[in-house]
Amino acid sequence: MGKLAREVSIIGVGMTGFGKHPDKTIKDLAREAAWAAIDDSGVDPRRIQTIYCGNSVEGLLSGQEDVRGQVVMRDAGLAGRPVVNTPNACASSSTALREAWLAIASGLYDIALAVGFEKLFVGDTAKTTRALATCTDVEVEGNLGVFFPGMYAMEAKRYMYETGCTKEQIAKVTVKNHRNGCLNPHAQIRHEVTVEQVLNAKMIADPITLYMCSPIGDGGAAAILCAKEIAHRFRSDPIHVAAIGMASGAYQDIAIDRKTPTSTEMAAEESFEISGVGPEDVDLAEIHSAFSPAEYTFFEELGFCARGEAPQFLEEGKTEISGSIPINTSGGLESKGHPVGATGLAMVHEVVIQLRGQAGARQVSNPRVGLVHNGGGLIGGDNAVMCVHILKR
Amino acid sequence: MELNTAETMEPNMTSKPKKIAEGLFHLPAGNPAEGYLIGARCAKCGLVVFPRRVVCPGCLDRESMEETALSKHGTLYSFSVNQVAPDGFTAPYITGKVDLPEKVRIFAVITGCEATEDALSIGMDMQMVFEAVGRDAAGNELIGYAFRPAEQH
């Protein structure tokens, strides 16, 4: 692997509240997130040289299939610059962040905007569900009853079979993440739940109950990046993008015997190699818990513990805000919400404000290194897209 | 293996069962009992894949992939009893992943048993069947591949 021409910093982050926003259009969500990040950075917006826009399914929901980024950036007053669209399912805005990082690291640009936006409440849940179901190979799984909670349920059931993990232990992930989400003013679902409430909630696909599922929602999130050498002109506390690792799933036809790594393992390996840090150096992480049991399997694939040990880490309090490796301090996708195209940059928002010490009631004690794990889509037996970002104070 | 292409010569289009997806399976003479999944086997490295493709994902050879009929039995890797259904399906319905002897894992609907947790267990023997697994927008039955618990011997 080669070397970056120069280092890159995040100097601004912004996001809308996640939730149901019948009064806001997709343009409103993108504009509010972008300008929140610009205001946070202190950058003169005229100095933004290039823009990356992550959105997943707006084309299927509104018909705006093409030039989505240009349409929202025109509304935001930021047209004229290069606008690159990065639709990549639930990892669309992590992909936008990666492209912005590479554009600055190359030396071509000094200041970039990455923005993610999604409006999933369109008054027709079946339409939204159909649109999200295209985040797979529609010719294969798409026609054959693919149902995302069911896909995660199959992996959860296999994990329970192999490791002895119980439904109660899975419910404890949901409980932790809802408790964290109560402390996050941007979170969509802000009420605590008990293990009993989680287990007795409407069954979606055993062992996954309603509370274990990320809700559909509307939202936007954005970040301003710049060359590290100029970051201190804008903020005294720039956050260093130490690495972004990315992979696409190797898929089940060659991964069935687990001899080939998963997309999470490949993206994590790349990010650890680029950054020079290892899982033992990470002080907090946002993990793609689209459904609660996935927090355990992804936690293990990221190298935080051996297979089968994640439930014990949670039960010992290690993944709590006060623990040794806090996970999903934002509330996770179950509580914070999951407007898919905005999710990756919202995870980055959480890690950035944690590293700055601005997370208020959910602040982790003195973190220096944070990790974001954001996946998108499912093809075969793996995520279609996987990004792992490592951010350092 | 010589693949039967009789279905493409079927003269009476109206009697031909509608498939839920093209290119994934054959129904020789339109007969579900003789259906099979179309995989590809690499003549160089031996890897078997589904769906079939031109380039071997194992050794990257572009000339070596040969169409092959996949086994119709396997073991249940995992399953899900879904209490919510997408278009064309009715809840509760079961989806599962079945590992074939060729080391190919197939995602499919599971039929032939109650849609309850107790009806299935990981590791059990499964039989591939071709039957109506969903409906199109006009309500017509669509033939697809599915698995059901293998009959006890």
# chains A, B, ... in the order shown; residues from 1 in each chain; ligands from 1
call {"tool": "residues_around", "arguments": {"residues": "stretch 118-132 of chain B", "least_positions_apart": "4", "cutoff": "9 Å", "atoms": "only C-alpha atoms", "output": "short mmCIF file (atom, residue, chain, number, x, y, z; two decimals) with N, CA and C atoms, in the first residue's frame"}}
result
data_model
loop_
_atom_site.label_atom_id
_atom_site.label_comp_id
_atom_site.auth_asym_id
_atom_site.auth_seq_id
_atom_site.Cartn_x
_atom_site.Cartn_y
_atom_site.Cartn_z
N LYS A 157 -28.83 -15.86 14.76
CA LYS A 157 -29.18 -17.21 15.20
C LYS A 157 -27.96 -18.13 15.09
N ARG A 158 -27.20 -17.99 14.01
CA ARG A 158 -25.99 -18.79 13.84
C ARG A 158 -24.97 -18.45 14.93
N TYR A 161 -25.99 -20.04 18.10
CA TYR A 161 -25.75 -21.49 17.99
C TYR A 161 -24.27 -21.82 18.22
N LYS B 19 -41.29 -17.70 -13.81
CA LYS B 19 -40.18 -17.81 -12.87
C LYS B 19 -40.04 -16.52 -12.07
N ILE B 20 -39.58 -16.67 -10.84
CA ILE B 20 -39.41 -15.50 -9.99
C ILE B 20 -38.15 -14.73 -10.38
N LEU B 27 -35.93 -25.20 -15.39
CA LEU B 27 -37.08 -26.09 -15.14
C LEU B 27 -37.25 -26.90 -16.42
N ASN B 31 -41.04 -28.53 -15.91
CA ASN B 31 -41.43 -29.42 -14.81
C ASN B 31 -40.67 -29.09 -13.53
N PRO B 32 -41.36 -28.57 -12.50
CA PRO B 32 -40.66 -28.21 -11.26
C PRO B 32 -39.92 -29.39 -10.62
N ALA B 33 -40.42 -30.60 -10.81
CA ALA B 33 -39.77 -31.76 -10.17
C ALA B 33 -38.35 -31.98 -10.70
N GLU B 34 -38.10 -31.50 -11.92
CA GLU B 34 -36.78 -31.71 -12.51
C GLU B 34 -35.92 -30.44 -12.48
N GLY B 35 -36.37 -29.44 -11.73
CA GLY B 35 -35.63 -28.18 -11.67
C GLY B 35 -34.28 -28.33 -10.98
N TYR B 36 -33.39 -27.48 -11.34
CA TYR B 36 -32.09 -27.43 -10.64
C TYR B 36 -31.49 -26.03 -10.75
N SER B 71 -26.22 -29.52 -6.47
CA SER B 71 -26.89 -30.54 -5.66
C SER B 71 -28.22 -30.01 -5.14
N LYS B 72 -29.14 -30.92 -4.90
CA LYS B 72 -30.48 -30.51 -4.44
C LYS B 72 -30.71 -30.86 -2.97
N HIS B 73 -29.62 -31.11 -2.27
CA HIS B 73 -29.74 -31.34 -0.82
C HIS B 73 -28.58 -30.65 -0.11
N GLY B 74 -28.78 -30.32 1.15
CA GLY B 74 -27.73 -29.65 1.91
C GLY B 74 -28.10 -29.58 3.37
N THR B 75 -27.32 -28.82 4.14
CA THR B 75 -27.61 -28.69 5.57
C THR B 75 -27.92 -27.23 5.90
N LEU B 76 -28.81 -27.05 6.87
CA LEU B 76 -29.31 -25.72 7.20
C LEU B 76 -28.26 -24.95 8.01
N TYR B 77 -27.75 -23.87 7.43
CA TYR B 77 -26.76 -23.01 8.11
C TYR B 77 -27.46 -22.14 9.16
N SER B 78 -28.56 -21.52 8.74
CA SER B 78 -29.37 -20.75 9.68
C SER B 78 -30.70 -20.43 9.01
N PHE B 79 -31.63 -19.88 9.78
CA PHE B 79 -32.94 -19.57 9.23
C PHE B 79 -33.56 -18.44 10.02
N VAL B 98 -28.73 -22.49 3.15
CA VAL B 98 -28.43 -23.92 3.14
C VAL B 98 -27.08 -24.13 2.48
N THR B 111 -39.95 -23.84 2.84
CA THR B 111 -41.37 -24.23 2.81
C THR B 111 -41.52 -25.64 3.39
N CYS B 113 -43.03 -26.68 6.01
CA CYS B 113 -43.11 -26.84 7.47
C CYS B 113 -43.83 -25.61 8.02
N GLU B 114 -44.28 -25.72 9.25
CA GLU B 114 -44.92 -24.59 9.91
C GLU B 114 -43.93 -23.44 10.05
N GLU B 141 -48.82 -16.61 -9.66
CA GLU B 141 -47.82 -17.38 -8.90
C GLU B 141 -46.49 -17.35 -9.62
N LEU B 142 -45.43 -17.22 -8.86
CA LEU B 142 -44.08 -17.21 -9.41
C LEU B 142 -43.32 -18.42 -8.87
N ILE B 143 -42.74 -19.18 -9.79
CA ILE B 143 -41.99 -20.37 -9.40
C ILE B 143 -40.56 -19.96 -9.06
N GLY B 144 -40.11 -20.41 -7.91
CA GLY B 144 -38.74 -20.16 -7.49
C GLY B 144 -38.17 -21.40 -6.83
N TYR B 145 -36.93 -21.28 -6.36
CA TYR B 145 -36.36 -22.40 -5.64
C TYR B 145 -36.56 -22.16 -4.16
N ALA B 146 -36.74 -23.24 -3.45
CA ALA B 146 -36.96 -23.17 -2.01
C ALA B 146 -36.35 -24.43 -1.40
N PHE B 147 -36.30 -24.46 -0.09
CA PHE B 147 -35.86 -25.67 0.61
C PHE B 147 -36.94 -26.10 1.56
N ARG B 148 -37.01 -27.40 1.77
CA ARG B 148 -37.89 -27.93 2.81
C ARG B 148 -37.12 -28.99 3.59
N PRO B 149 -37.54 -29.27 4.83
CA PRO B 149 -36.85 -30.31 5.58
C PRO B 149 -36.85 -31.62 4.79
N ALA B 150 -35.69 -32.28 4.73
CA ALA B 150 -35.59 -33.53 3.97
C ALA B 150 -36.44 -34.60 4.63
N GLU B 151 -37.00 -35.47 3.81
CA GLU B 151 -37.81 -36.55 4.38
C GLU B 151 -36.92 -37.53 5.10
#
call {"tool": "closest_atom_pairs", "arguments": {"of": "chain B", "to": "chain A", "cutoff": "8 Å", "atoms": "only C-alpha atoms", "output": "tab-separated table"}}
result
residue	atom	partner	partner_atom	distance
B:Ile20	CA	A:Asn143	CA	6.4
B:Ala21	CA	A:Asn143	CA	6.5
B:Glu22	CA	A:Glu139	CA	7.9
B:Leu24	CA	A:Val140	CA	7.7
B:Val48	CA	A:Asp253	CA	7.4
B:Val49	CA	A:Asp253	CA	5.4
B:Phe50	CA	A:Asp253	CA	6.8
B:Pro51	CA	A:Val140	CA	7.8
B:Pro57	CA	A:Ile254	CA	7.5
B:Gly58	CA	A:Ile254	CA	7.1
B:Tyr77	CA	A:Arg158	CA	7.2
B:Ser78	CA	A:Met154	CA	5.3
B:Phe79	CA	A:Met154	CA	5.1
B:Ser80	CA	A:Met154	CA	5.4
B:Val81	CA	A:Ala205	CA	5.5
B:Asn82	CA	A:Ala205	CA	4.6
B:Gln83	CA	A:Ile204	CA	5.1
B:Val84	CA	A:Ile204	CA	6.3
B:Ala85	CA	A:Phe147	CA	7.3
B:Pro86	CA	A:Gly145	CA	6.7
B:Asp87	CA	A:Arg130	CA	7.8
B:Phe89	CA	A:Gly145	CA	6.9
B:Thr95	CA	A:Gly145	CA	7.3
B:Gly96	CA	A:Met154	CA	7.2
B:Lys97	CA	A:Met154	CA	7.9
B:Lys103	CA	A:Ile256	CA	6.7
B:Val104	CA	A:Asp253	CA	5.5
B:Arg105	CA	A:Gln252	CA	6.4
B:Phe107	CA	A:Glu141	CA	7.2
B:Ala108	CA	A:Leu144	CA	6.3
B:Val109	CA	A:Gly145	CA	6.7
B:Glu117	CA	A:Asp206	CA	7.9
B:Ile122	CA	A:Arg158	CA	7.7
B:Val133	CA	A:Leu144	CA	7.9
B:Gly144	CA	A:Leu144	CA	7.6
call {"tool": "closest_atom_pairs", "arguments": {"of": "stretch 295-370 of chain A", "to": "stretch 48-53 of chain A", "cutoff": "12 Å", "atoms": "only C-alpha atoms", "output": "CSV"}}
result
residue,atom,partner,partner_atom,distance
A:Gly341,CA,A:Cys53,CA,9.0
A:Ala342,CA,A:Cys53,CA,9.7
A:Gly344,CA,A:Cys53,CA,11.8
A:Leu345,CA,A:Cys53,CA,10.8
call {"tool": "residues_around", "arguments": {"residues": "A:Leu108", "least_positions_apart": "6", "cutoff": "12 Å", "atoms": "only C-alpha atoms", "output": "list in words"}}
result
Ala5, Arg6, Gln49, Thr50, Ala100, Trp101, Leu102, Cys226 and Ala227 of chain A
call {"tool": "closest_residue", "arguments": {"among": "A:Ala33, A:Ala131, A:Ile325, A:Met347", "to": "A:Gly116", "atoms": "only C-alpha atoms"}}
result
A:Ala33
call {"tool": "select_by_dssp", "arguments": {"residues": "stretch 20-78 of chain B", "states": "strand (DSSP E or B)", "output": "list of chain:residue names"}}
result
B:Phe25, B:His26, B:Tyr36, B:Leu37, B:Ile38, B:Gly39, B:Ala40, B:Arg41, B:Cys42, B:Val48, B:Val49, B:Met65, B:Glu66, B:Glu67, B:Thr68, B:Ala69, B:His73, B:Gly74, B:Thr75, B:Leu76, B:Tyr77, B:Ser78
call {"tool": "write_last_selection", "arguments": {"atoms": "N, CA, C and O atoms", "output": "mmCIF file, in the first residue's frame"}}
result
data_model
loop_
_atom_site.group_PDB
_atom_site.id
_atom_site.type_symbol
_atom_site.label_atom_id
_atom_site.label_comp_id
_atom_site.auth_asym_id
_atom_site.auth_seq_id
_atom_site.Cartn_x
_atom_site.Cartn_y
_atom_site.Cartn_z
ATOM 1 N N PHE B 25 -32.023 -20.694 -12.466
ATOM 2 C CA PHE B 25 -32.376 -22.117 -12.416
ATOM 3 C C PHE B 25 -33.071 -22.542 -13.694
ATOM 4 O O PHE B 25 -33.637 -21.707 -14.407
ATOM 5 N N HIS B 26 -33.006 -23.825 -13.961
ATOM 6 C CA HIS B 26 -33.691 -24.412 -15.108
ATOM 7 C C HIS B 26 -34.867 -25.230 -14.618
ATOM 8 O O HIS B 26 -34.794 -25.868 -13.560
ATOM 9 N N TYR B 36 -33.385 -27.476 -11.338
ATOM 10 C CA TYR B 36 -32.087 -27.431 -10.645
ATOM 11 C C TYR B 36 -31.490 -26.034 -10.751
ATOM 12 O O TYR B 36 -31.784 -25.279 -11.685
ATOM 13 N N LEU B 37 -30.645 -25.698 -9.764
ATOM 14 C CA LEU B 37 -29.960 -24.408 -9.776
ATOM 15 C C LEU B 37 -28.770 -24.471 -10.724
ATOM 16 O O LEU B 37 -28.069 -25.484 -10.787
ATOM 17 N N ILE B 38 -28.537 -23.360 -11.429
ATOM 18 C CA ILE B 38 -27.416 -23.278 -12.363
ATOM 19 C C ILE B 38 -26.237 -22.616 -11.659
ATOM 20 O O ILE B 38 -26.250 -21.413 -11.388
ATOM 21 N N GLY B 39 -25.230 -23.419 -11.370
ATOM 22 C CA GLY B 39 -23.994 -22.874 -10.808
ATOM 23 C C GLY B 39 -22.915 -22.892 -11.858
ATOM 24 O O GLY B 39 -23.164 -23.182 -13.031
ATOM 25 N N ALA B 40 -21.709 -22.576 -11.441
ATOM 26 C CA ALA B 40 -20.559 -22.692 -12.337
ATOM 27 C C ALA B 40 -19.408 -23.305 -11.547
ATOM 28 O O ALA B 40 -19.223 -22.992 -10.359
ATOM 29 N N ARG B 41 -18.680 -24.212 -12.215
ATOM 30 C CA ARG B 41 -17.526 -24.854 -11.588
ATOM 31 C C ARG B 41 -16.275 -24.467 -12.368
ATOM 32 O O ARG B 41 -16.255 -24.511 -13.591
ATOM 33 N N CYS B 42 -15.233 -24.098 -11.633
ATOM 34 C CA CYS B 42 -13.978 -23.730 -12.285
ATOM 35 C C CYS B 42 -13.187 -24.998 -12.597
ATOM 36 O O CYS B 42 -12.852 -25.769 -11.692
ATOM 37 N N VAL B 48 -16.784 -23.852 -6.884
ATOM 38 C CA VAL B 48 -18.145 -23.828 -7.409
ATOM 39 C C VAL B 48 -18.831 -22.577 -6.876
ATOM 40 O O VAL B 48 -18.696 -22.241 -5.688
ATOM 41 N N VAL B 49 -19.535 -21.846 -7.746
ATOM 42 C CA VAL B 49 -20.195 -20.612 -7.334
ATOM 43 C C VAL B 49 -21.647 -20.605 -7.783
ATOM 44 O O VAL B 49 -22.036 -21.294 -8.729
ATOM 45 N N MET B 65 -14.729 -21.371 -16.358
ATOM 46 C CA MET B 65 -15.995 -21.609 -15.668
ATOM 47 C C MET B 65 -16.962 -22.396 -16.553
ATOM 48 O O MET B 65 -17.255 -21.988 -17.673
ATOM 49 N N GLU B 66 -17.438 -23.512 -16.008
ATOM 50 C CA GLU B 66 -18.365 -24.370 -16.750
ATOM 51 C C GLU B 66 -19.662 -24.463 -15.978
ATOM 52 O O GLU B 66 -19.665 -24.624 -14.750
ATOM 53 N N GLU B 67 -20.750 -24.360 -16.716
ATOM 54 C CA GLU B 67 -22.062 -24.438 -16.089
ATOM 55 C C GLU B 67 -22.223 -25.802 -15.434
ATOM 56 O O GLU B 67 -21.810 -26.817 -15.986
ATOM 57 N N THR B 68 -22.842 -25.813 -14.263
ATOM 58 C CA THR B 68 -23.036 -27.087 -13.563
ATOM 59 C C THR B 68 -24.360 -27.055 -12.809
ATOM 60 O O THR B 68 -24.775 -25.985 -12.328
ATOM 61 N N ALA B 69 -25.007 -28.195 -12.756
ATOM 62 C CA ALA B 69 -26.240 -28.302 -11.969
ATOM 63 C C ALA B 69 -25.851 -28.536 -10.518
ATOM 64 O O ALA B 69 -25.065 -29.437 -10.218
ATOM 65 N N HIS B 73 -29.617 -31.110 -2.266
ATOM 66 C CA HIS B 73 -29.735 -31.340 -0.820
ATOM 67 C C HIS B 73 -28.578 -30.653 -0.114
ATOM 68 O O HIS B 73 -27.534 -30.375 -0.713
ATOM 69 N N GLY B 74 -28.777 -30.319 1.151
ATOM 70 C CA GLY B 74 -27.727 -29.647 1.907
ATOM 71 C C GLY B 74 -28.102 -29.578 3.375
ATOM 72 O O GLY B 74 -29.075 -30.210 3.809
ATOM 73 N N THR B 75 -27.317 -28.819 4.143
ATOM 74 C CA THR B 75 -27.605 -28.688 5.574
ATOM 75 C C THR B 75 -27.922 -27.230 5.901
ATOM 76 O O THR B 75 -27.371 -26.305 5.301
ATOM 77 N N LEU B 76 -28.807 -27.053 6.868
ATOM 78 C CA LEU B 76 -29.307 -25.719 7.198
ATOM 79 C C LEU B 76 -28.256 -24.948 8.007
ATOM 80 O O LEU B 76 -27.904 -25.347 9.119
ATOM 81 N N TYR B 77 -27.749 -23.866 7.426
ATOM 82 C CA TYR B 77 -26.759 -23.011 8.108
ATOM 83 C C TYR B 77 -27.456 -22.142 9.155
ATOM 84 O O TYR B 77 -27.024 -22.019 10.290
ATOM 85 N N SER B 78 -28.562 -21.524 8.737
ATOM 86 C CA SER B 78 -29.372 -20.746 9.675
ATOM 87 C C SER B 78 -30.698 -20.427 9.006
ATOM 88 O O SER B 78 -30.878 -20.678 7.812
#
call {"tool": "atom_distance", "arguments": {"atom1": "atom CA of A:Gly317", "atom2": "atom CA of A:Val173"}}
result
11.1 Å
call {"tool": "select_by_dssp", "arguments": {"residues": "stretch 26-83 of chain A", "states": "helix (DSSP H, G or I)", "output": "ChimeraX atom specification"}}
result
/A:26-41,45-47,58-62,68-75
call {"tool": "write_last_selection", "arguments": {"atoms": "N, CA, C and O atoms", "output": "short mmCIF file (atom, residue, chain, number, x, y, z; two decimals), in the first residue's frame"}}
result
data_model
loop_
_atom_site.label_atom_id
_atom_site.label_comp_id
_atom_site.auth_asym_id
_atom_site.auth_seq_id
_atom_site.Cartn_x
_atom_site.Cartn_y
_atom_site.Cartn_z
N ILE A 26 -35.68 17.09 1.42
CA ILE A 26 -34.33 16.55 1.34
C ILE A 26 -33.32 17.70 1.23
O ILE A 26 -32.21 17.65 1.79
N LYS A 27 -33.71 18.78 0.55
CA LYS A 27 -32.82 19.95 0.43
C LYS A 27 -32.61 20.61 1.79
O LYS A 27 -31.50 21.02 2.13
N ASP A 28 -33.70 20.70 2.58
CA ASP A 28 -33.57 21.31 3.92
C ASP A 28 -32.58 20.50 4.77
O ASP A 28 -31.73 21.06 5.47
N LEU A 29 -32.72 19.18 4.71
CA LEU A 29 -31.88 18.32 5.55
C LEU A 29 -30.40 18.47 5.17
O LEU A 29 -29.52 18.59 6.03
N ALA A 30 -30.12 18.47 3.86
CA ALA A 30 -28.74 18.60 3.40
C ALA A 30 -28.19 19.99 3.70
O ALA A 30 -27.05 20.14 4.15
N ARG A 31 -28.99 21.03 3.46
CA ARG A 31 -28.53 22.40 3.69
C ARG A 31 -28.23 22.64 5.16
O ARG A 31 -27.19 23.20 5.53
N GLU A 32 -29.16 22.20 6.04
CA GLU A 32 -28.95 22.44 7.47
C GLU A 32 -27.70 21.73 7.98
O GLU A 32 -26.93 22.27 8.76
N ALA A 33 -27.48 20.47 7.52
CA ALA A 33 -26.29 19.74 7.96
C ALA A 33 -25.02 20.40 7.44
O ALA A 33 -24.04 20.61 8.18
N ALA A 34 -25.02 20.77 6.14
CA ALA A 34 -23.83 21.36 5.54
C ALA A 34 -23.45 22.68 6.23
O ALA A 34 -22.29 22.90 6.58
N TRP A 35 -24.45 23.53 6.46
CA TRP A 35 -24.14 24.82 7.07
C TRP A 35 -23.79 24.70 8.55
O TRP A 35 -23.00 25.49 9.07
N ALA A 36 -24.35 23.68 9.21
CA ALA A 36 -23.94 23.44 10.61
C ALA A 36 -22.46 23.08 10.66
O ALA A 36 -21.72 23.54 11.54
N ALA A 37 -22.00 22.28 9.69
CA ALA A 37 -20.59 21.90 9.65
C ALA A 37 -19.72 23.10 9.28
O ALA A 37 -18.63 23.29 9.84
N ILE A 38 -20.20 23.92 8.34
CA ILE A 38 -19.44 25.12 7.95
C ILE A 38 -19.30 26.06 9.15
O ILE A 38 -18.20 26.55 9.46
N ASP A 39 -20.42 26.31 9.85
CA ASP A 39 -20.39 27.19 11.03
C ASP A 39 -19.45 26.64 12.10
O ASP A 39 -18.71 27.39 12.75
N ASP A 40 -19.48 25.32 12.27
CA ASP A 40 -18.64 24.68 13.29
C ASP A 40 -17.16 24.83 12.94
O ASP A 40 -16.32 24.92 13.83
N SER A 41 -16.85 24.86 11.64
CA SER A 41 -15.44 24.88 11.21
C SER A 41 -14.83 26.27 11.24
O SER A 41 -13.61 26.42 11.37
N PRO A 45 -17.18 29.79 3.58
CA PRO A 45 -17.70 28.77 2.66
C PRO A 45 -17.25 28.97 1.22
O PRO A 45 -17.24 28.02 0.44
N ARG A 46 -16.84 30.18 0.85
CA ARG A 46 -16.32 30.41 -0.50
C ARG A 46 -15.01 29.65 -0.73
O ARG A 46 -14.60 29.47 -1.87
N ARG A 47 -14.37 29.22 0.36
CA ARG A 47 -13.08 28.52 0.22
C ARG A 47 -13.24 27.01 0.08
O ARG A 47 -12.24 26.30 -0.08
N GLU A 58 -32.94 8.24 -2.48
CA GLU A 58 -33.81 9.36 -2.88
C GLU A 58 -34.32 9.19 -4.32
O GLU A 58 -35.45 9.57 -4.64
N GLY A 59 -33.48 8.61 -5.16
CA GLY A 59 -33.90 8.41 -6.55
C GLY A 59 -35.15 7.57 -6.66
O GLY A 59 -36.06 7.86 -7.45
N LEU A 60 -35.23 6.51 -5.86
CA LEU A 60 -36.38 5.62 -5.91
C LEU A 60 -37.59 6.23 -5.21
O LEU A 60 -38.73 5.90 -5.51
N LEU A 61 -37.34 7.11 -4.23
CA LEU A 61 -38.46 7.67 -3.46
C LEU A 61 -39.07 8.89 -4.14
O LEU A 61 -40.29 9.06 -4.13
N SER A 62 -38.24 9.76 -4.70
CA SER A 62 -38.78 10.99 -5.29
C SER A 62 -38.64 11.04 -6.80
O SER A 62 -39.21 11.91 -7.46
N ARG A 68 -28.28 14.19 -7.61
CA ARG A 68 -28.90 14.50 -6.32
C ARG A 68 -28.08 15.52 -5.54
O ARG A 68 -28.61 16.44 -4.93
N GLY A 69 -26.77 15.29 -5.54
CA GLY A 69 -25.89 16.20 -4.79
C GLY A 69 -25.92 17.61 -5.35
O GLY A 69 -25.98 18.59 -4.60
N GLN A 70 -25.90 17.73 -6.68
CA GLN A 70 -25.92 19.06 -7.30
C GLN A 70 -27.22 19.78 -6.96
O GLN A 70 -27.23 20.99 -6.72
N VAL A 71 -28.32 19.03 -6.92
CA VAL A 71 -29.63 19.63 -6.62
C VAL A 71 -29.64 20.19 -5.19
O VAL A 71 -30.06 21.34 -4.97
N VAL A 72 -29.17 19.43 -4.24
CA VAL A 72 -29.21 19.93 -2.85
C VAL A 72 -28.16 21.00 -2.61
O VAL A 72 -28.38 21.94 -1.85
N MET A 73 -27.01 20.90 -3.28
CA MET A 73 -25.98 21.93 -3.08
C MET A 73 -26.36 23.25 -3.75
O MET A 73 -25.98 24.33 -3.27
N ARG A 74 -27.12 23.20 -4.82
CA ARG A 74 -27.64 24.43 -5.42
C ARG A 74 -28.53 25.15 -4.41
O ARG A 74 -28.42 26.36 -4.21
N ASP A 75 -29.38 24.36 -3.74
CA ASP A 75 -30.26 24.94 -2.72
C ASP A 75 -29.45 25.51 -1.55
O ASP A 75 -29.83 26.52 -0.97
#
call {"tool": "atom_distance", "arguments": {"atom1": "atom CA of A:Gln197", "atom2": "atom CA of A:Glu286"}}
result
24.2 Å
